Structure formats: structure tokens, C-alpha cells
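Scroll down for the structure; my scribbles are underneath it.
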Amino acid sequence: MCKGLSAIPSSCLEKAKGMRVKLSHLAEKQEWVYKHRANEEKLPQDLESLLNSKLGIQAFRWFLRSEFSEENLEFWLACEEYKNSPESKLAGKAQNIYHQFINPDAPHEVNLDSETREALMGLMQEPTTDTFDEAQHRIFSLMAKDSFPRFLRSSYGQQPIRVL
């Protein structure tokens with residue numbers, strides 16, 4: 001570590017880390033928009049349609065990243081992928097989703113009520129394609145009521161996205 005960094009208060013270092021994350025996020029967005037600029041596409045105005053659009057998901061992801069809250073979208077997408085997985089891979093993917101998003105010590109823990117969380121714990125022994133349906137529905141509702149309206153009011157939801 002540089003000798004100079006040890007003299008800087010930790011609060012300043014944390015702010016610098018946050019700024020670095022935001023700058024890298026903005027650079028990524030700018031690069032993507034620059035690459036895909038032939039036509040313009042208006043973003044869907046309902047969450048279900050947005051989640052069925054690759055461009056919509058990307059814009060929503062950028063918005064959620066700017067708020068440091070993309071775990072709900074990532075969980076929802078992981079559940080969609082899980083439902084379309086071969087049965088032989090369900091157990092491993094279920095454990096991964098549980099440890100990534102559901103477990104109280106998960107690195108990207110989603111906000112689920114205790115009943116849903118406990119019900120999932122019971123289903124983890126023999127997961128099926130619908131194991132995460134209730135949790136996914138609750139997270140969808142949370143995004144629809146909370147994140148999505150803010151997204152629509154934000155610059156991310158107001159500007160058309162340029163596409164090929």
C-alpha cells in the first residue's frame with residue numbers, strides 16, 4: 001500500500017471507491033450506447049414488457065446499478081434462467097441462487113419476507129422448476145411498485161435507447 005493512502009481518512013477512501021464504481025458504470029453505458037446508435041427504440045412503459053426486452057433489461061440494470069440495488073433484477077433473471085434449465089442441473093442452480101440471493105448472509109441478498117424465505121428453505125432439498133416462483137413473484141411485485149416507477153421518472157427511462 002502507498003504510504004500516502006494510510007494518511008487519508010477511510011471515509012474519503014470509501015467515497016473514492018463509490019465514485020470509481022459510478023464512473024466505470026457511466027463509461028460502460030456510454031460505450032454501449034455509442035456502439036448501438038442506428039435507430040431509436042422507446043422503452044416499454046410496463047415492467048413485464050421491459051423484462052422481455054434486452055435493451056429494456058440493460059437500461060433498467062444501469063438504473064439499478066446507479067442506485068446500488070440491482071440484486072432484485074439479477075435474482076429475477078437468475079430465476080428465469082433456472083426455470084429453463086435441464087432437470088439434471090436444477091439442484092446445483094437452486095443451491096447457487098439460494099446462496100447468492102436468499103441466504104441471510106448472501107452477497108446479493110434480496111428483500112423477502114420471512115415466510116417466503118422459510119418456505120424456500122424447505123424446498124431446497126428437492127428443487128423443481130417452480131421452486132422459486134413465489135419468491136420471484138414477490139421480487140417482481142417489489143420492483144413493479146418501487147424501482148420501476150423511479151426508473152420511469154429517471155433519465156434512464158426517459159430517453160430512447162439507440163439500437164441497430
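For the C-alpha cells, the naming scheme is as follows: chains receive sequential letters (A, B, ...) according to their order of presentation, residues are indexed from 1 within each chain, and ligands are indexed from 1 in presentation order.
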Contacts of Asn96 in chain A at 12 Å (only C-alpha atoms; same-chain gap of 2+ positions) as a PyMOL selection string: chain A and resi 75+78-79+82+89-94+98-103+106-108+124+127
Could you list, as a compact mmCIF listing (two decimals) with C-alpha atoms, in the first residue's frame, every residue within 12 Å of Arg153 in chain A, counting only C-alpha atoms and ignoring same-chain residues fewer than 6 positions away?
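Heads up, here's the output in out.txt:
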# COMPACT_ATOMS: atom_id res chain seq x y z
CA GLN A 45 -43.75 1.51 -20.07
CA PHE A 60 -33.12 -0.98 -16.09
CA PHE A 63 -30.56 2.50 -13.43
CA ASP A 146 -40.75 0.55 -6.10
CA SER A 147 -37.85 0.51 -8.56
CA GLN A 159 -34.51 8.70 -23.14
Considering only C-alpha atoms, return as a ChimeraX atom specification whatever protein or nucleic-acid residues lie within 10 Å of Arg117 in chain A, sequence-local ones (same chain, fewer than 3 positions apart) excluded. /A:98,102-104,111-114,120-122,134-135
From a backbone DSSP assignment, name each residue in range 16-154 of chain A labelled alpha helix (DSSP H), as a ChimeraX atom specification. /A:16-35,47-51,54-66,71-83,90-97,114-123,133-142,148-153
File dump, residues just selected, C-alpha atoms, as a PDB file, in the first residue's frame:
ATOM      1  CA  ALA A  16     -13.398   7.394  -3.871  1.00  0.00           C
ATOM      2  CA  LYS A  17     -14.376   3.739  -4.335  1.00  0.00           C
ATOM      3  CA  GLY A  18     -18.011   4.762  -4.854  1.00  0.00           C
ATOM      4  CA  MET A  19     -17.004   7.371  -7.403  1.00  0.00           C
ATOM      5  CA  ARG A  20     -14.880   4.815  -9.248  1.00  0.00           C
ATOM      6  CA  VAL A  21     -17.859   2.445  -9.477  1.00  0.00           C
ATOM      7  CA  LYS A  22     -20.126   5.207 -10.800  1.00  0.00           C
ATOM      8  CA  LEU A  23     -17.542   6.352 -13.346  1.00  0.00           C
ATOM      9  CA  SER A  24     -16.988   2.828 -14.656  1.00  0.00           C
ATOM     10  CA  HIS A  25     -20.772   2.396 -14.879  1.00  0.00           C
ATOM     11  CA  LEU A  26     -21.135   5.621 -16.887  1.00  0.00           C
ATOM     12  CA  ALA A  27     -18.266   4.667 -19.187  1.00  0.00           C
ATOM     13  CA  GLU A  28     -19.852   1.246 -19.820  1.00  0.00           C
ATOM     14  CA  LYS A  29     -23.212   2.847 -20.618  1.00  0.00           C
ATOM     15  CA  GLN A  30     -21.687   5.429 -22.923  1.00  0.00           C
ATOM     16  CA  GLU A  31     -19.674   2.794 -24.796  1.00  0.00           C
ATOM     17  CA  TRP A  32     -22.749   0.592 -25.284  1.00  0.00           C
ATOM     18  CA  VAL A  33     -24.942   3.471 -26.497  1.00  0.00           C
ATOM     19  CA  TYR A  34     -22.201   4.619 -28.869  1.00  0.00           C
ATOM     20  CA  LYS A  35     -21.928   1.133 -30.413  1.00  0.00           C
ATOM     21  CA  LEU A  47     -42.239  -3.864 -16.196  1.00  0.00           C
ATOM     22  CA  GLU A  48     -43.263  -7.123 -17.842  1.00  0.00           C
ATOM     23  CA  SER A  49     -42.626  -5.758 -21.339  1.00  0.00           C
ATOM     24  CA  LEU A  50     -39.381  -4.176 -20.193  1.00  0.00           C
ATOM     25  CA  LEU A  51     -38.147  -7.529 -18.853  1.00  0.00           C
ATOM     26  CA  LYS A  54     -32.844  -6.993 -23.954  1.00  0.00           C
ATOM     27  CA  LEU A  55     -32.481  -3.240 -24.301  1.00  0.00           C
ATOM     28  CA  GLY A  56     -35.041  -2.661 -21.573  1.00  0.00           C
ATOM     29  CA  ILE A  57     -33.231  -5.002 -19.194  1.00  0.00           C
ATOM     30  CA  GLN A  58     -29.938  -3.246 -19.920  1.00  0.00           C
ATOM     31  CA  ALA A  59     -31.392   0.230 -19.274  1.00  0.00           C
ATOM     32  CA  PHE A  60     -33.123  -0.975 -16.093  1.00  0.00           C
ATOM     33  CA  ARG A  61     -29.879  -2.631 -14.954  1.00  0.00           C
ATOM     34  CA  TRP A  62     -27.972   0.650 -15.476  1.00  0.00           C
ATOM     35  CA  PHE A  63     -30.563   2.499 -13.429  1.00  0.00           C
ATOM     36  CA  LEU A  64     -30.491  -0.061 -10.616  1.00  0.00           C
ATOM     37  CA  ARG A  65     -26.687  -0.017 -10.606  1.00  0.00           C
ATOM     38  CA  SER A  66     -26.765   3.745 -10.194  1.00  0.00           C
ATOM     39  CA  GLU A  71     -29.842  -7.580  -6.848  1.00  0.00           C
ATOM     40  CA  ASN A  72     -33.625  -7.805  -7.412  1.00  0.00           C
ATOM     41  CA  LEU A  73     -33.236  -7.760 -11.187  1.00  0.00           C
ATOM     42  CA  GLU A  74     -30.347 -10.226 -11.053  1.00  0.00           C
ATOM     43  CA  PHE A  75     -32.424 -12.573  -8.862  1.00  0.00           C
ATOM     44  CA  TRP A  76     -35.406 -12.325 -11.223  1.00  0.00           C
ATOM     45  CA  LEU A  77     -33.172 -13.088 -14.229  1.00  0.00           C
ATOM     46  CA  ALA A  78     -31.500 -15.996 -12.406  1.00  0.00           C
ATOM     47  CA  CYS A  79     -34.952 -17.459 -11.692  1.00  0.00           C
ATOM     48  CA  GLU A  80     -35.899 -17.166 -15.366  1.00  0.00           C
ATOM     49  CA  GLU A  81     -32.719 -18.969 -16.369  1.00  0.00           C
ATOM     50  CA  TYR A  82     -33.320 -21.584 -13.659  1.00  0.00           C
ATOM     51  CA  LYS A  83     -36.825 -22.373 -14.966  1.00  0.00           C
ATOM     52  CA  LEU A  90     -31.723 -27.813 -11.175  1.00  0.00           C
ATOM     53  CA  ALA A  91     -30.248 -28.868  -7.821  1.00  0.00           C
ATOM     54  CA  GLY A  92     -26.917 -27.137  -8.429  1.00  0.00           C
ATOM     55  CA  LYS A  93     -28.508 -23.985  -9.820  1.00  0.00           C
ATOM     56  CA  ALA A  94     -31.026 -23.890  -6.970  1.00  0.00           C
ATOM     57  CA  GLN A  95     -28.221 -24.017  -4.418  1.00  0.00           C
ATOM     58  CA  ASN A  96     -26.366 -21.272  -6.274  1.00  0.00           C
ATOM     59  CA  ILE A  97     -29.443 -18.994  -6.339  1.00  0.00           C
ATOM     60  CA  SER A 114     -39.590 -14.475   6.455  1.00  0.00           C
ATOM     61  CA  GLU A 115     -42.458 -16.765   5.357  1.00  0.00           C
ATOM     62  CA  THR A 116     -41.242 -16.903   1.765  1.00  0.00           C
ATOM     63  CA  ARG A 117     -37.640 -17.351   2.868  1.00  0.00           C
ATOM     64  CA  GLU A 118     -38.570 -20.240   5.226  1.00  0.00           C
ATOM     65  CA  ALA A 119     -40.727 -21.895   2.574  1.00  0.00           C
ATOM     66  CA  LEU A 120     -37.762 -21.801   0.191  1.00  0.00           C
ATOM     67  CA  MET A 121     -35.502 -23.415   2.770  1.00  0.00           C
ATOM     68  CA  GLY A 122     -37.903 -26.350   2.892  1.00  0.00           C
ATOM     69  CA  LEU A 123     -37.944 -26.701  -0.898  1.00  0.00           C
ATOM     70  CA  ASP A 133     -41.849 -18.995  -8.350  1.00  0.00           C
ATOM     71  CA  GLU A 134     -43.311 -17.404  -5.205  1.00  0.00           C
ATOM     72  CA  ALA A 135     -40.090 -15.563  -4.352  1.00  0.00           C
ATOM     73  CA  GLN A 136     -39.695 -14.422  -7.947  1.00  0.00           C
ATOM     74  CA  HIS A 137     -43.272 -13.145  -7.964  1.00  0.00           C
ATOM     75  CA  ARG A 138     -42.669 -11.186  -4.739  1.00  0.00           C
ATOM     76  CA  ILE A 139     -39.494  -9.619  -6.126  1.00  0.00           C
ATOM     77  CA  PHE A 140     -41.287  -8.759  -9.381  1.00  0.00           C
ATOM     78  CA  SER A 141     -44.022  -7.032  -7.356  1.00  0.00           C
ATOM     79  CA  LEU A 142     -41.419  -5.163  -5.332  1.00  0.00           C
ATOM     80  CA  PHE A 148     -39.730   0.614 -11.856  1.00  0.00           C
ATOM     81  CA  PRO A 149     -41.694   3.843 -11.198  1.00  0.00           C
ATOM     82  CA  ARG A 150     -38.441   5.553 -10.174  1.00  0.00           C
ATOM     83  CA  PHE A 151     -36.807   4.171 -13.317  1.00  0.00           C
ATOM     84  CA  LEU A 152     -39.556   5.658 -15.497  1.00  0.00           C
ATOM     85  CA  ARG A 153     -39.032   9.090 -13.901  1.00  0.00           C
TER      86      ARG A 153
END
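Take CA of Ser88 in chain A and CA of Phe132 in chain A: the distance between them is 16.7 Å.
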Just how far from CA of Thr131 in chain A is CA of Glu109 in chain A, in Å to one decimal? 17.3 Å
